[in-house]
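Peer 1: Supplied structure: protein_14.pdb, PDB, C-alpha atoms, pLDDT in the B column.
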ATOM      1  CA  MET R 126       0.000   0.000   0.000  1.00 72.00           C
ATOM      2  CA  VAL R 127       2.810   2.451   0.861  1.00 80.00           C
ATOM      3  CA  LYS R 128       4.443   1.812  -2.509  1.00 83.00           C
ATOM      4  CA  LYS R 129       1.199   2.750  -4.289  1.00 90.00           C
ATOM      5  CA  PHE R 130       1.036   6.003  -2.313  1.00 91.00           C
ATOM      6  CA  LEU R 131       4.562   6.874  -3.437  1.00 89.00           C
ATOM      7  CA  HIS R 132       3.603   6.200  -7.059  1.00 92.00           C
ATOM      8  CA  ILE R 133       0.461   8.343  -6.719  1.00 95.00           C
ATOM      9  CA  GLU R 134       2.470  11.089  -5.010  1.00 95.00           C
ATOM     10  CA  GLY R 135       4.914  11.074  -7.928  1.00 96.00           C
ATOM     11  CA  LEU R 136       2.059  11.319 -10.409  1.00 98.00           C
ATOM     12  CA  MET R 137       0.510  14.258  -8.530  1.00 98.00           C
ATOM     13  CA  VAL R 138       3.829  16.109  -8.400  1.00 98.00           C
ATOM     14  CA  LEU R 139       4.439  15.476 -12.104  1.00 98.00           C
ATOM     15  CA  LEU R 140       0.963  16.692 -13.088  1.00 98.00           C
ATOM     16  CA  ALA R 141       1.136  19.755 -10.809  1.00 98.00           C
ATOM     17  CA  VAL R 142       4.531  20.778 -12.178  1.00 98.00           C
ATOM     18  CA  ILE R 143       3.428  20.282 -15.784  1.00 98.00           C
ATOM     19  CA  TYR R 144       0.413  22.482 -15.085  1.00 98.00           C
ATOM     20  CA  ILE R 145       2.547  25.219 -13.485  1.00 98.00           C
ATOM     21  CA  TYR R 146       5.067  24.948 -16.334  1.00 98.00           C
ATOM     22  CA  SER R 147       2.236  25.482 -18.835  1.00 98.00           C
ATOM     23  CA  LEU R 148       1.003  28.562 -16.960  1.00 97.00           C
ATOM     24  CA  TYR R 149       4.394  30.201 -17.484  1.00 97.00           C
ATOM     25  CA  GLU R 150       4.296  29.240 -21.173  1.00 95.00           C
ATOM     26  CA  PHE R 151       7.850  27.918 -21.085  1.00 97.00           C
ATOM     27  CA  SER R 152       9.198  25.980 -24.064  1.00 97.00           C
ATOM     28  CA  TRP R 153       8.041  22.367 -24.302  1.00 98.00           C
ATOM     29  CA  TRP R 154      11.102  21.580 -26.421  1.00 98.00           C
ATOM     30  CA  ILE R 155      13.342  22.581 -23.534  1.00 98.00           C
ATOM     31  CA  PHE R 156      11.171  20.531 -21.170  1.00 98.00           C
ATOM     32  CA  LEU R 157      11.621  17.435 -23.350  1.00 98.00           C
ATOM     33  CA  LEU R 158      15.313  18.130 -23.802  1.00 98.00           C
ATOM     34  CA  LEU R 159      16.022  18.487 -20.065  1.00 98.00           C
ATOM     35  CA  ILE R 160      13.521  16.107 -18.431  1.00 98.00           C
ATOM     36  CA  LEU R 161      16.097  13.302 -18.147  1.00 97.00           C
ATOM     37  CA  SER R 162      19.105  15.506 -17.360  1.00 97.00           C
ATOM     38  CA  PRO R 163      19.147  14.764 -13.581  1.00 96.00           C
ATOM     39  CA  ASP R 164      19.970  11.159 -14.501  1.00 96.00           C
ATOM     40  CA  VAL R 165      23.450  12.299 -15.517  1.00 97.00           C
ATOM     41  CA  SER R 166      24.106  12.057 -11.769  1.00 96.00           C
ATOM     42  CA  MET R 167      24.211   8.262 -12.243  1.00 94.00           C
ATOM     43  CA  LEU R 168      27.698   8.703 -13.658  1.00 96.00           C
ATOM     44  CA  ALA R 169      28.918   9.076 -10.070  1.00 95.00           C
ATOM     45  CA  TYR R 170      28.380   5.315  -9.749  1.00 93.00           C
ATOM     46  CA  LEU R 171      31.506   4.944 -11.881  1.00 94.00           C
ATOM     47  CA  ILE R 172      33.443   6.028  -8.780  1.00 95.00           C
ATOM     48  CA  ASN R 173      31.741   3.611  -6.365  1.00 94.00           C
ATOM     49  CA  ASP R 174      28.288   2.732  -4.967  1.00 91.00           C
ATOM     50  CA  ARG R 175      28.570   4.945  -1.877  1.00 93.00           C
ATOM     51  CA  ILE R 176      29.459   8.128  -3.765  1.00 95.00           C
ATOM     52  CA  GLY R 177      27.115   7.195  -6.608  1.00 93.00           C
ATOM     53  CA  ALA R 178      24.153   6.887  -4.232  1.00 92.00           C
ATOM     54  CA  LYS R 179      24.939  10.169  -2.500  1.00 95.00           C
ATOM     55  CA  VAL R 180      25.264  12.143  -5.729  1.00 96.00           C
ATOM     56  CA  TYR R 181      22.229  10.454  -7.292  1.00 94.00           C
ATOM     57  CA  ASN R 182      20.117  11.169  -4.187  1.00 95.00           C
ATOM     58  CA  LEU R 183      21.256  14.791  -4.129  1.00 96.00           C
ATOM     59  CA  PHE R 184      19.825  15.229  -7.626  1.00 96.00           C
ATOM     60  CA  HIS R 185      16.691  13.181  -6.898  1.00 95.00           C
ATOM     61  CA  THR R 186      15.338  14.785  -3.763  1.00 94.00           C
ATOM     62  CA  TYR R 187      12.563  17.349  -3.831  1.00 96.00           C
ATOM     63  CA  ALA R 188      14.352  19.573  -1.306  1.00 96.00           C
ATOM     64  CA  LEU R 189      16.860  21.057  -3.768  1.00 96.00           C
ATOM     65  CA  SER R 190      14.565  21.322  -6.770  1.00 97.00           C
ATOM     66  CA  ILE R 191      11.847  23.046  -4.766  1.00 97.00           C
ATOM     67  CA  PHE R 192      14.434  25.323  -3.150  1.00 98.00           C
ATOM     68  CA  MET R 193      15.493  26.291  -6.693  1.00 98.00           C
ATOM     69  CA  ILE R 194      11.864  27.049  -7.595  1.00 98.00           C
ATOM     70  CA  LEU R 195      11.396  29.207  -4.497  1.00 98.00           C
ATOM     71  CA  LEU R 196      14.684  31.028  -5.114  1.00 98.00           C
ATOM     72  CA  ALA R 197      13.683  31.649  -8.744  1.00 98.00           C
ATOM     73  CA  ILE R 198      10.335  33.083  -7.678  1.00 97.00           C
ATOM     74  CA  PHE R 199      12.024  35.291  -5.084  1.00 98.00           C
ATOM     75  CA  LEU R 200      14.616  36.521  -7.599  1.00 98.00           C
ATOM     76  CA  LYS R 201      12.086  36.706 -10.445  1.00 97.00           C
ATOM     77  CA  PHE R 202      14.455  34.603 -12.567  1.00 98.00           C
ATOM     78  CA  ASP R 203      12.407  32.668 -15.129  1.00 98.00           C
ATOM     79  CA  ALA R 204      15.234  30.490 -16.477  1.00 98.00           C
ATOM     80  CA  LEU R 205      15.974  29.204 -12.972  1.00 98.00           C
ATOM     81  CA  LEU R 206      12.255  28.614 -12.425  1.00 98.00           C
ATOM     82  CA  MET R 207      12.014  26.628 -15.645  1.00 98.00           C
ATOM     83  CA  ILE R 208      14.960  24.437 -14.644  1.00 98.00           C
ATOM     84  CA  GLY R 209      13.569  23.909 -11.143  1.00 98.00           C
ATOM     85  CA  LEU R 210      10.183  22.893 -12.513  1.00 98.00           C
ATOM     86  CA  ILE R 211      11.711  20.452 -15.002  1.00 98.00           C
ATOM     87  CA  TRP R 212      13.920  19.012 -12.268  1.00 98.00           C
ATOM     88  CA  THR R 213      10.925  18.554  -9.954  1.00 98.00           C
ATOM     89  CA  ALA R 214       8.919  16.985 -12.792  1.00 98.00           C
ATOM     90  CA  HIS R 215      11.751  14.507 -13.320  1.00 98.00           C
ATOM     91  CA  ILE R 216      11.692  13.467  -9.674  1.00 97.00           C
ATOM     92  CA  GLY R 217       7.908  13.071  -9.758  1.00 97.00           C
ATOM     93  CA  MET R 218       8.202  10.981 -12.916  1.00 97.00           C
ATOM     94  CA  ASP R 219      10.835   8.782 -11.282  1.00 95.00           C
ATOM     95  CA  ARG R 220       8.608   8.197  -8.240  1.00 93.00           C
ATOM     96  CA  LEU R 221       5.658   7.428 -10.505  1.00 95.00           C
ATOM     97  CA  PHE R 222       7.655   4.688 -12.232  1.00 93.00           C
ATOM     98  CA  GLY R 223       9.071   3.319  -8.968  1.00 87.00           C
ATOM     99  CA  TYR R 224      12.566   4.770  -9.053  1.00 88.00           C
ATOM    100  CA  GLY R 225      13.424   5.909  -5.576  1.00 81.00           C
ATOM    101  CA  LEU R 226      16.341   7.253  -3.622  1.00 86.00           C
ATOM    102  CA  LYS R 227      19.284   4.876  -3.621  1.00 85.00           C
ATOM    103  CA  TYR R 228      20.814   2.980  -0.742  1.00 81.00           C
ATOM    104  CA  THR R 229      24.591   2.839  -0.719  1.00 80.00           C
ATOM    105  CA  SER R 230      24.574  -0.973  -0.852  1.00 79.00           C
ATOM    106  CA  SER R 231      23.795  -1.114  -4.596  1.00 70.00           C
ATOM    107  CA  PHE R 232      22.299   0.863  -7.464  1.00 68.00           C
ATOM    108  CA  LYS R 233      19.232  -1.378  -7.552  1.00 72.00           C
ATOM    109  CA  ALA R 234      18.339  -0.913  -3.869  1.00 71.00           C
ATOM    110  CA  THR R 235      15.918   2.024  -3.511  1.00 71.00           C
ATOM    111  CA  HIS R 236      13.556   3.346  -0.865  1.00 68.00           C
ATOM    112  CA  ILE R 237      10.579   2.243  -2.995  1.00 65.00           C
ATOM    113  CA  GLN R 238      11.634  -1.161  -4.263  1.00 58.00           C
ATOM    114  CA  ARG R 239      14.487  -3.364  -5.347  1.00 59.00           C
ATOM    115  CA  LEU R 240      14.920  -2.854  -9.100  1.00 52.00           C
TER
END
Represent the structure contained in this file as structure tokens.

Peer 2:
Amino acid sequence: MVKKFLHIEGLMVLLAVIYIYSLYEFSWWIFLLLILSPDVSMLAYLINDRIGAKVYNLFHTYALSIFMILLAIFLKFDALLMIGLIWTAHIGMDRLFGYGLKYTSSFKATHIQRL
């Protein structure tokens, strides 16, 4: 049951961010181009699992992406807002599909499921 809630939560975040993104009339081409960019953080796994998990989790937690959105709103900086929204959409999409934060034991061990 908890796993389903995490999937639903991811879907709600993804839909909310897409709606907000559309209100600002940002480019959908940029959205599509950048939606998978946080996954570049997986390259840190080339160093080792511990560092890989830490870097991956840093780029896949709502705390930083939402902080970026709030900072962008405060500074009235649309480019930063666009990036923060895309980043948050990515995290929501990951949660929807069952990709969670990583444990340091292995890449496939996440807080949602074992991949």

Peer 1: Please, what distance in Å, to one decimal, runs between CA of Leu196 (chain R) and CA of Ala141 (chain R)?

Peer 2: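 Atom-to-atom, CA of Leu196 (chain R) to CA of Ala141 (chain R), that is 18.5 Å.
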
Peer 1: As an exercise, work out the distance from CA of Ala197 (chain R) to CA of Arg220 (chain R) in Å and give it to one decimal place.

Peer 2: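 Separation of CA of Ala197 (chain R) and CA of Arg220 (chain R): 24.0 Å.
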
Peer 1: Go through R:Lys129, R:Lys179, R:His185, R:His215 and flag the residue nearest Ile143 (chain R), using only C-alpha atoms for the distances.

Peer 2: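 The answer is R:His215, which sits nearest to Ile143 (chain R).
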
Peer 1: Which residues are close to Phe192 (chain R), i.e. within 12 Å by all atoms listed in the file, leaving aside same-chain residues fewer than 6 positions away? Reply as a list in words.

Peer 2: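 So, after excluding close chain neighbours, the residues are Thr186, Ile198, Phe199, Leu205, Leu206, Ile208, Gly209, Leu210, Trp212 and Thr213 of chain R.
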
Peer 1: Between CA of Asp219 (chain R) and CA of Phe130 (chain R), what is the distance, to one decimal in Å?

Peer 2: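 Pair CA of Asp219 (chain R) / CA of Phe130 (chain R) returns 13.6 Å.
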
Peer 1: Could you add the missing atoms to region 178-194 of chain R, up to N, CA, C and O atoms, and return them as an mmCIF file, in the frame of the given file?

Peer 2:
data_model
loop_
_atom_site.group_PDB
_atom_site.id
_atom_site.type_symbol
_atom_site.label_atom_id
_atom_site.label_comp_id
_atom_site.auth_asym_id
_atom_site.auth_seq_id
_atom_site.Cartn_x
_atom_site.Cartn_y
_atom_site.Cartn_z
ATOM 1 N N ALA R 178 25.453 6.735 -4.897
ATOM 2 C CA ALA R 178 24.153 6.887 -4.232
ATOM 3 C C ALA R 178 23.986 8.292 -3.673
ATOM 4 O O ALA R 178 22.917 8.899 -3.801
ATOM 5 N N LYS R 179 25.029 8.820 -3.080
ATOM 6 C CA LYS R 179 24.939 10.169 -2.500
ATOM 7 C C LYS R 179 24.699 11.236 -3.568
ATOM 8 O O LYS R 179 23.862 12.118 -3.399
ATOM 9 N N VAL R 180 25.429 11.159 -4.654
ATOM 10 C CA VAL R 180 25.264 12.143 -5.729
ATOM 11 C C VAL R 180 23.901 11.965 -6.391
ATOM 12 O O VAL R 180 23.179 12.946 -6.621
ATOM 13 N N TYR R 181 23.539 10.731 -6.680
ATOM 14 C CA TYR R 181 22.229 10.454 -7.292
ATOM 15 C C TYR R 181 21.110 11.004 -6.405
ATOM 16 O O TYR R 181 20.200 11.677 -6.886
ATOM 17 N N ASN R 182 21.158 10.718 -5.115
ATOM 18 C CA ASN R 182 20.117 11.169 -4.187
ATOM 19 C C ASN R 182 20.068 12.691 -4.084
ATOM 20 O O ASN R 182 18.993 13.278 -3.952
ATOM 21 N N LEU R 183 21.210 13.332 -4.161
ATOM 22 C CA LEU R 183 21.256 14.791 -4.129
ATOM 23 C C LEU R 183 20.448 15.383 -5.290
ATOM 24 O O LEU R 183 19.735 16.363 -5.118
ATOM 25 N N PHE R 184 20.535 14.742 -6.441
ATOM 26 C CA PHE R 184 19.825 15.229 -7.626
ATOM 27 C C PHE R 184 18.407 14.669 -7.757
ATOM 28 O O PHE R 184 17.690 15.018 -8.680
ATOM 29 N N HIS R 185 18.018 13.802 -6.819
ATOM 30 C CA HIS R 185 16.691 13.181 -6.898
ATOM 31 C C HIS R 185 15.878 13.363 -5.619
ATOM 32 O O HIS R 185 15.027 12.539 -5.293
ATOM 33 N N THR R 186 16.145 14.440 -4.925
ATOM 34 C CA THR R 186 15.338 14.785 -3.763
ATOM 35 C C THR R 186 14.602 16.086 -4.055
ATOM 36 O O THR R 186 15.130 16.978 -4.716
ATOM 37 N N TYR R 187 13.375 16.154 -3.590
ATOM 38 C CA TYR R 187 12.563 17.349 -3.831
ATOM 39 C C TYR R 187 13.133 18.598 -3.152
ATOM 40 O O TYR R 187 12.869 19.710 -3.594
ATOM 41 N N ALA R 188 13.883 18.426 -2.088
ATOM 42 C CA ALA R 188 14.352 19.573 -1.306
ATOM 43 C C ALA R 188 15.109 20.584 -2.171
ATOM 44 O O ALA R 188 14.827 21.789 -2.114
ATOM 45 N N LEU R 189 16.059 20.121 -2.964
ATOM 46 C CA LEU R 189 16.860 21.057 -3.768
ATOM 47 C C LEU R 189 16.090 21.639 -4.942
ATOM 48 O O LEU R 189 16.207 22.829 -5.237
ATOM 49 N N SER R 190 15.298 20.811 -5.606
ATOM 50 C CA SER R 190 14.565 21.322 -6.770
ATOM 51 C C SER R 190 13.505 22.344 -6.346
ATOM 52 O O SER R 190 13.321 23.362 -7.015
ATOM 53 N N ILE R 191 12.853 22.089 -5.234
ATOM 54 C CA ILE R 191 11.847 23.046 -4.766
ATOM 55 C C ILE R 191 12.517 24.299 -4.209
ATOM 56 O O ILE R 191 12.012 25.411 -4.391
ATOM 57 N N PHE R 192 13.681 24.140 -3.584
ATOM 58 C CA PHE R 192 14.434 25.323 -3.150
ATOM 59 C C PHE R 192 14.777 26.183 -4.364
ATOM 60 O O PHE R 192 14.671 27.415 -4.317
ATOM 61 N N MET R 193 15.174 25.545 -5.471
ATOM 62 C CA MET R 193 15.493 26.291 -6.693
ATOM 63 C C MET R 193 14.259 27.041 -7.201
ATOM 64 O O MET R 193 14.360 28.195 -7.620
ATOM 65 N N ILE R 194 13.106 26.401 -7.157
ATOM 66 C CA ILE R 194 11.864 27.049 -7.595
ATOM 67 C C ILE R 194 11.565 28.262 -6.718
ATOM 68 O O ILE R 194 11.255 29.351 -7.221
#
